[in-house]
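Presented below is the structure to which this report refers.
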Amino acid sequence: MTAAENAPPGHVPVLRDEAVAALAPRPGARLVDATFGGGGYTAALLAAGATVIALDRDPDAIARGAALLAAHPGRLTLIETPFGDMDAHIDGVVDGVVFDLGVSSFQLDEAERGFSFRADAPLDMRMARSGASAADAVALLPESALADVIYHYGDEPAARRIARVIAMTRAQTPIATTSALADLVETALGGRRGAKIHPATKTFQALRILVNDELGELARGLAAAEALLAPGGRLAVVSFHSLEDRLVKTFLTARAGAEAAGSRHVPPVRTGPAPSFEIAARKAVAPRDAEIAANPRARSAKLRVAVRTAAPAWGPLDADLLPDETRRVCARLLGLGGSGEASA
Ligand SMILES: C[S@@+](CC[C@H](N)C(=O)[O-])C[C@H]1O[C@@H](n2cnc3c(N)ncnc32)[C@H](O)[C@@H]1O
């Protein structure tokens with residue numbers, strides 16, 4: 001199948017063929033699609049004869065799965081949940097887990113969800129449609145916490161300047177819409193100056209990661225997948241930005257025991273638990289040029305694949321990025337994890 005074939009309208013799955021092949025689906029296999037989205041991956045796994053447990057934290061995504069559910073009686077289960085909690089919803093072991101991280105085109109294109117600065121809409125960005133929104137974060141977080149969030153989750157060197165302008169602006173008038181925030185960031189950075197990406201891109205990314213606790217979710221999701229996978233079971237993760245990919249790579253490298261590798265002079269000494277994964281290929285798989293040309297969203301995608309060993313799971317994964325005080329403030333004021341800390 002090509003990536004565009006059989007794709008449900010609205011979302012063209014990225015690296016679908018590669019991610020699906022990585023799970024080696026076969027009739028009778030029990031697989032988890034942790035990010036149902038538009039159902040493109042799930043449809044391909046079902047077409048290969050597998051039984052699929054598909055998750056999404058977005059109620060709209062789950063509702064979109066009704067047709068697929070009706071077409072595959074008994075072979076598809078759809079569960080509305082954050083994937084960090086998947087082990088609470090799934091009994092027994094599974095043969096594969098796939099994550100296709102980030103937001104779907106459905107979410108991006110629906111202006112009212114507030115993920116994009118391309119349309120004016122309420123500053124929302126919540127995948128699950130519940131909890132604190134990006135507007136709440138911009139309104140309630142102290143300037144220093146906002147700066148930390150924009151710096152660590154957006155990789156934005158001008159984070160302090162942006163936080164300053166947000167704090168000054170909100171003292172006069174609420175910042176409630178995507179356009180208001182985008183304009184304000186643009187002003188803080190002194191206009192576009194021929195930049196390739198919109199100056200607000202990194203700030204929007206940071207707020208999205210914060211309100212959805214994306215790194216904490218990923219840490220908990222990876223640990224949950226480790227606990228659920230049978231020996232020989234396969235894990236495939238498609239990520240879209242460097243914070244996600246770094247977390248996946250660090251997780252797999254540690255779990256594969258590679259951090260204990262020796263040097264030219266010292267043989268490898270394994271001091272930690274037995275490796276719970278074998279990495280399938282050291283280098284991440286990137287989309288082909290043709291896929292990137294057809295679907296610009298694929299540009300930054302990376303696929304990492306690993307195979308579960310028979311060793312016990314290592315348990316929760318620690319993936320903090322924000323300073324402790326900022327995490328505490330995000331938890332207190334917004335009820336957000338506000339970090340990549342795993343609690344699974
Ligand atoms: C890139 S889309 C997946 C597209 C899907 N592979 C397809 O082929 O249509 C990502 C989806 O994952 C969901 N998602 C992201 N983070 C999640 C999380 N922590 N728990 C559950 N769902 C999540 C989003 O709501 C979105 O629908």
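Every chain in the structure tokens takes a letter, A first, then B, and so on in the order presented; its residues are numbered from 1, and the ligands are numbered from 1 following the presented order.
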Worksheet entry | Which of stretch 49-229 of chain A fall in helix (DSSP H, G or I), as a PyMOL selection string | chain A and resi 59-64+66-71+83-89+105-109+111-113+134-140+143-154+159-170+178-188+201-211+214-228
Practice prompt. Just list the residues in stretch 28-248 of chain A DSSP gives strand (DSSP E or B) on the backbone, as a ChimeraX atom specification.
Written response: /A:30-33,51-56,76-80,94-100,122,177,229-239
Could I get the residue neighbourhood of ligand 1 at 7 Å, counting only C-alpha atoms and all ligand atoms, as a compact mmCIF listing (two decimals) with N, CA and C atoms, in the first residue's frame?
# COMPACT_ATOMS: atom_id res chain seq x y z
N HIS A 11 -6.89 13.22 7.14
CA HIS A 11 -5.56 13.01 7.72
C HIS A 11 -4.80 12.00 6.88
N VAL A 12 -3.68 12.44 6.31
CA VAL A 12 -2.84 11.51 5.54
C VAL A 12 -1.79 10.96 6.51
N PRO A 13 -1.87 9.66 6.83
CA PRO A 13 -0.94 9.12 7.81
C PRO A 13 0.51 9.23 7.31
N ARG A 16 3.13 5.46 7.39
CA ARG A 16 2.21 4.39 7.77
C ARG A 16 2.72 3.02 7.35
N ALA A 34 -1.85 3.15 19.63
CA ALA A 34 -2.00 4.06 20.78
C ALA A 34 -2.55 5.43 20.37
N THR A 35 -2.54 5.73 19.08
CA THR A 35 -2.94 7.06 18.60
C THR A 35 -3.84 6.87 17.36
N PHE A 36 -5.10 6.57 17.58
CA PHE A 36 -6.02 6.22 16.49
C PHE A 36 -6.14 7.34 15.45
N GLY A 37 -6.32 8.58 15.91
CA GLY A 37 -6.40 9.73 14.99
C GLY A 37 -7.49 9.57 13.95
N GLY A 38 -7.09 9.50 12.67
CA GLY A 38 -8.06 9.29 11.59
C GLY A 38 -8.21 7.82 11.26
N GLY A 39 -7.52 6.95 11.98
CA GLY A 39 -7.69 5.50 11.78
C GLY A 39 -6.86 4.91 10.65
N GLY A 40 -5.95 5.66 10.09
CA GLY A 40 -5.16 5.16 8.95
C GLY A 40 -4.29 3.96 9.32
N TYR A 41 -3.59 4.04 10.42
CA TYR A 41 -2.75 2.91 10.85
C TYR A 41 -3.63 1.71 11.21
N THR A 42 -4.69 1.99 12.00
CA THR A 42 -5.57 0.90 12.43
C THR A 42 -6.16 0.18 11.22
N LEU A 55 -6.55 3.43 20.68
CA LEU A 55 -6.77 4.42 21.74
C LEU A 55 -6.67 5.83 21.16
N ASP A 56 -7.38 6.75 21.74
CA ASP A 56 -7.16 8.17 21.49
C ASP A 56 -7.76 8.93 22.66
N ARG A 57 -7.11 10.04 23.02
CA ARG A 57 -7.67 10.83 24.12
C ARG A 57 -8.69 11.83 23.61
N ASP A 58 -8.80 11.96 22.29
CA ASP A 58 -9.71 12.93 21.69
C ASP A 58 -11.06 12.26 21.41
N ALA A 61 -11.96 11.80 17.74
CA ALA A 61 -11.26 10.73 17.02
C ALA A 61 -11.97 9.40 17.25
N THR A 81 -8.91 7.23 25.85
CA THR A 81 -8.02 7.34 27.02
C THR A 81 -6.70 7.95 26.58
N PRO A 82 -6.01 8.64 27.50
CA PRO A 82 -4.63 8.99 27.20
C PRO A 82 -3.81 7.69 27.16
N PHE A 83 -2.87 7.59 26.22
CA PHE A 83 -2.15 6.31 26.10
C PHE A 83 -1.24 6.04 27.30
N GLY A 84 -0.95 7.07 28.08
CA GLY A 84 -0.17 6.85 29.30
C GLY A 84 -0.86 5.92 30.27
N ASP A 100 1.86 7.06 16.90
CA ASP A 100 2.07 8.04 15.83
C ASP A 100 1.76 9.38 16.51
N LEU A 101 2.79 10.00 17.04
CA LEU A 101 2.61 11.07 18.03
C LEU A 101 2.08 12.38 17.44
N GLY A 102 1.73 13.29 18.34
CA GLY A 102 1.34 14.63 17.93
C GLY A 102 -0.13 14.75 17.63
N VAL A 103 -0.45 15.76 16.81
CA VAL A 103 -1.85 16.04 16.50
C VAL A 103 -2.18 15.56 15.09
N SER A 104 -3.47 15.30 14.86
CA SER A 104 -3.90 14.89 13.52
C SER A 104 -4.27 16.12 12.71
N MET A 127 -6.13 18.29 23.39
CA MET A 127 -6.52 17.13 22.58
C MET A 127 -7.75 16.46 23.17
N ALA A 128 -7.82 16.38 24.50
CA ALA A 128 -8.91 15.65 25.16
C ALA A 128 -10.13 16.53 25.39
N GLU A 214 2.54 16.32 26.92
CA GLU A 214 2.89 15.36 25.88
C GLU A 214 4.11 14.52 26.23
N GLU A 217 3.14 12.05 29.01
CA GLU A 217 2.33 11.01 28.38
C GLU A 217 3.22 10.01 27.64
N LEU A 218 4.20 10.55 26.90
CA LEU A 218 5.07 9.67 26.12
C LEU A 218 5.88 8.77 27.07
Practice prompt. Excluding stretch 145-148 of chain A and residues on its chain fewer than 3 positions from it, collect all residues at most 7 Å away from it, counting only C-alpha atoms, and give them as an MDAnalysis selection string.
Written response: chainID A and resid 141:142 151:152 159:160 163 322 326
Practice prompt. Within 8 Å of stretch 113-118 of chain A, counting only C-alpha atoms, which residues show up once you throw out same-chain ones fewer than 4 positions away? Write them as a PyMOL selection string, please.
Written response: chain A and resi 107-109+122-126+177-179+182+200+204+208
Worksheet item: Please, what distance in Å, to one decimal, runs between atom CA of A:Thr51 and atom CA of A:Arg308?
Response: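 Separation of atom CA of A:Thr51 and atom CA of A:Arg308: 19.1 Å.
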Fill in: A:Gly154, A:Gly49, A:Gly92, A:Pro287 ranked by distance to A:His241, top pick (using only C-alpha atoms)
A:Gly154
Worksheet item: Nearest to A:Gly335 among A:Leu69, A:Ala50, A:Ala293, A:Ala132, with distances taken over only C-alpha atoms: which residue is it?
Response: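 Of all the options, A:Ala132 lies closest to A:Gly335.
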Discussion item. Show me, as a ChimeraX atom specification, the residues that have an atom within 6 Å of A:Ala284 when counting only C-alpha atoms, minus same-chain residues fewer than 5 positions from it.
Written reply: /A:302-304
Worksheet item: Counting only C-alpha atoms, what is within 7 Å of stretch 187-189 of chain A, bar same-chain residues fewer than 3 positions away, as a list of chain:residue names?
Response: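 My list of contacting residues is A:Arg161, A:Ile162, A:Val165, A:Asp183, A:Leu184.
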Create the file for the chosen residues now, containing C-alpha atoms and written as a short mmCIF file (atom, residue, chain, number, x, y, z; two decimals), in the first residue's frame.
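Once everything was written out, this is out-v3.cif:
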data_model
loop_
_atom_site.label_atom_id
_atom_site.label_comp_id
_atom_site.auth_asym_id
_atom_site.auth_seq_id
_atom_site.Cartn_x
_atom_site.Cartn_y
_atom_site.Cartn_z
CA ARG A 161 11.44 38.21 25.94
CA ILE A 162 8.22 36.52 24.80
CA VAL A 165 5.58 40.73 26.46
CA ASP A 183 0.74 38.69 16.83
CA LEU A 184 2.17 39.33 20.24
#
Dump as CSV the rows for residues of stretch 93-152 of chain A within 12 Å of stretch 221-226 of chain A: closest atom pair and distance in Å with one decimal, only C-alpha atoms counted, ordered by chain and rising residue number.
residue,atom,partner,partner_atom,distance
A:Val93,CA,A:Ala225,CA,9.6
A:Val94,CA,A:Ala225,CA,8.8
A:Asp95,CA,A:Ala225,CA,10.2
A:Gly96,CA,A:Ala225,CA,8.5
A:Val97,CA,A:Ala225,CA,6.5
A:Val98,CA,A:Ala225,CA,9.0
A:Phe99,CA,A:Gly221,CA,8.8
A:Asp100,CA,A:Gly221,CA,11.9
A:Leu101,CA,A:Gly221,CA,10.9
Those residues with all heavy atoms, as a compact mmCIF listing (two decimals), in the first residue's frame please?
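Final output, selection_11.txt:
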# COMPACT_ATOMS: atom_id res chain seq x y z
N VAL A 93 -1.21 -9.76 27.53
CA VAL A 93 -0.09 -9.20 26.76
C VAL A 93 -0.52 -8.91 25.33
O VAL A 93 -1.55 -9.37 24.86
CB VAL A 93 1.13 -10.16 26.75
CG1 VAL A 93 1.72 -10.29 28.14
CG2 VAL A 93 0.75 -11.50 26.16
N VAL A 94 0.30 -8.12 24.64
CA VAL A 94 0.03 -7.78 23.24
C VAL A 94 1.29 -8.05 22.40
O VAL A 94 2.39 -8.16 22.94
CB VAL A 94 -0.42 -6.30 23.08
CG1 VAL A 94 -1.69 -6.04 23.87
CG2 VAL A 94 0.69 -5.34 23.48
N ASP A 95 1.07 -8.15 21.08
CA ASP A 95 2.17 -8.50 20.18
C ASP A 95 2.82 -7.27 19.56
O ASP A 95 3.86 -7.39 18.90
CB ASP A 95 1.65 -9.41 19.05
CG ASP A 95 1.01 -10.66 19.62
OD1 ASP A 95 1.70 -11.38 20.35
OD2 ASP A 95 -0.19 -10.89 19.36
N GLY A 96 2.20 -6.11 19.72
CA GLY A 96 2.80 -4.91 19.14
C GLY A 96 2.08 -3.67 19.63
O GLY A 96 0.90 -3.72 19.96
N VAL A 97 2.85 -2.57 19.72
CA VAL A 97 2.27 -1.27 20.07
C VAL A 97 2.86 -0.24 19.12
O VAL A 97 4.09 -0.19 18.93
CB VAL A 97 2.61 -0.86 21.53
CG1 VAL A 97 1.99 0.50 21.85
CG2 VAL A 97 2.14 -1.91 22.54
N VAL A 98 1.99 0.58 18.53
CA VAL A 98 2.48 1.66 17.67
C VAL A 98 1.97 3.01 18.19
O VAL A 98 0.82 3.12 18.61
CB VAL A 98 2.09 1.43 16.18
CG1 VAL A 98 0.58 1.42 15.97
CG2 VAL A 98 2.74 2.47 15.28
N PHE A 99 2.86 3.98 18.19
CA PHE A 99 2.53 5.37 18.52
C PHE A 99 2.82 6.22 17.29
O PHE A 99 3.92 6.12 16.72
CB PHE A 99 3.44 5.91 19.64
CG PHE A 99 3.33 5.24 20.97
CD1 PHE A 99 4.03 4.08 21.25
CD2 PHE A 99 2.55 5.80 21.97
CE1 PHE A 99 3.96 3.48 22.50
CE2 PHE A 99 2.47 5.21 23.24
CZ PHE A 99 3.18 4.05 23.49
N ASP A 100 1.86 7.06 16.90
CA ASP A 100 2.07 8.04 15.83
C ASP A 100 1.76 9.38 16.51
O ASP A 100 0.61 9.80 16.57
CB ASP A 100 1.12 7.72 14.68
CG ASP A 100 1.20 8.71 13.54
OD1 ASP A 100 2.19 9.46 13.45
OD2 ASP A 100 0.25 8.74 12.73
N LEU A 101 2.79 10.00 17.04
CA LEU A 101 2.61 11.07 18.03
C LEU A 101 2.08 12.38 17.44
O LEU A 101 2.03 12.56 16.23
CB LEU A 101 3.94 11.31 18.75
CG LEU A 101 4.47 10.08 19.51
CD1 LEU A 101 5.91 10.30 19.97
CD2 LEU A 101 3.57 9.75 20.70
Discussion item. Here is a test: counting only C-alpha atoms, which residue of A:Glu80, A:Glu18, A:Glu278, A:Asp85 is nearest to A:Ala311?
Written reply: A:Glu278
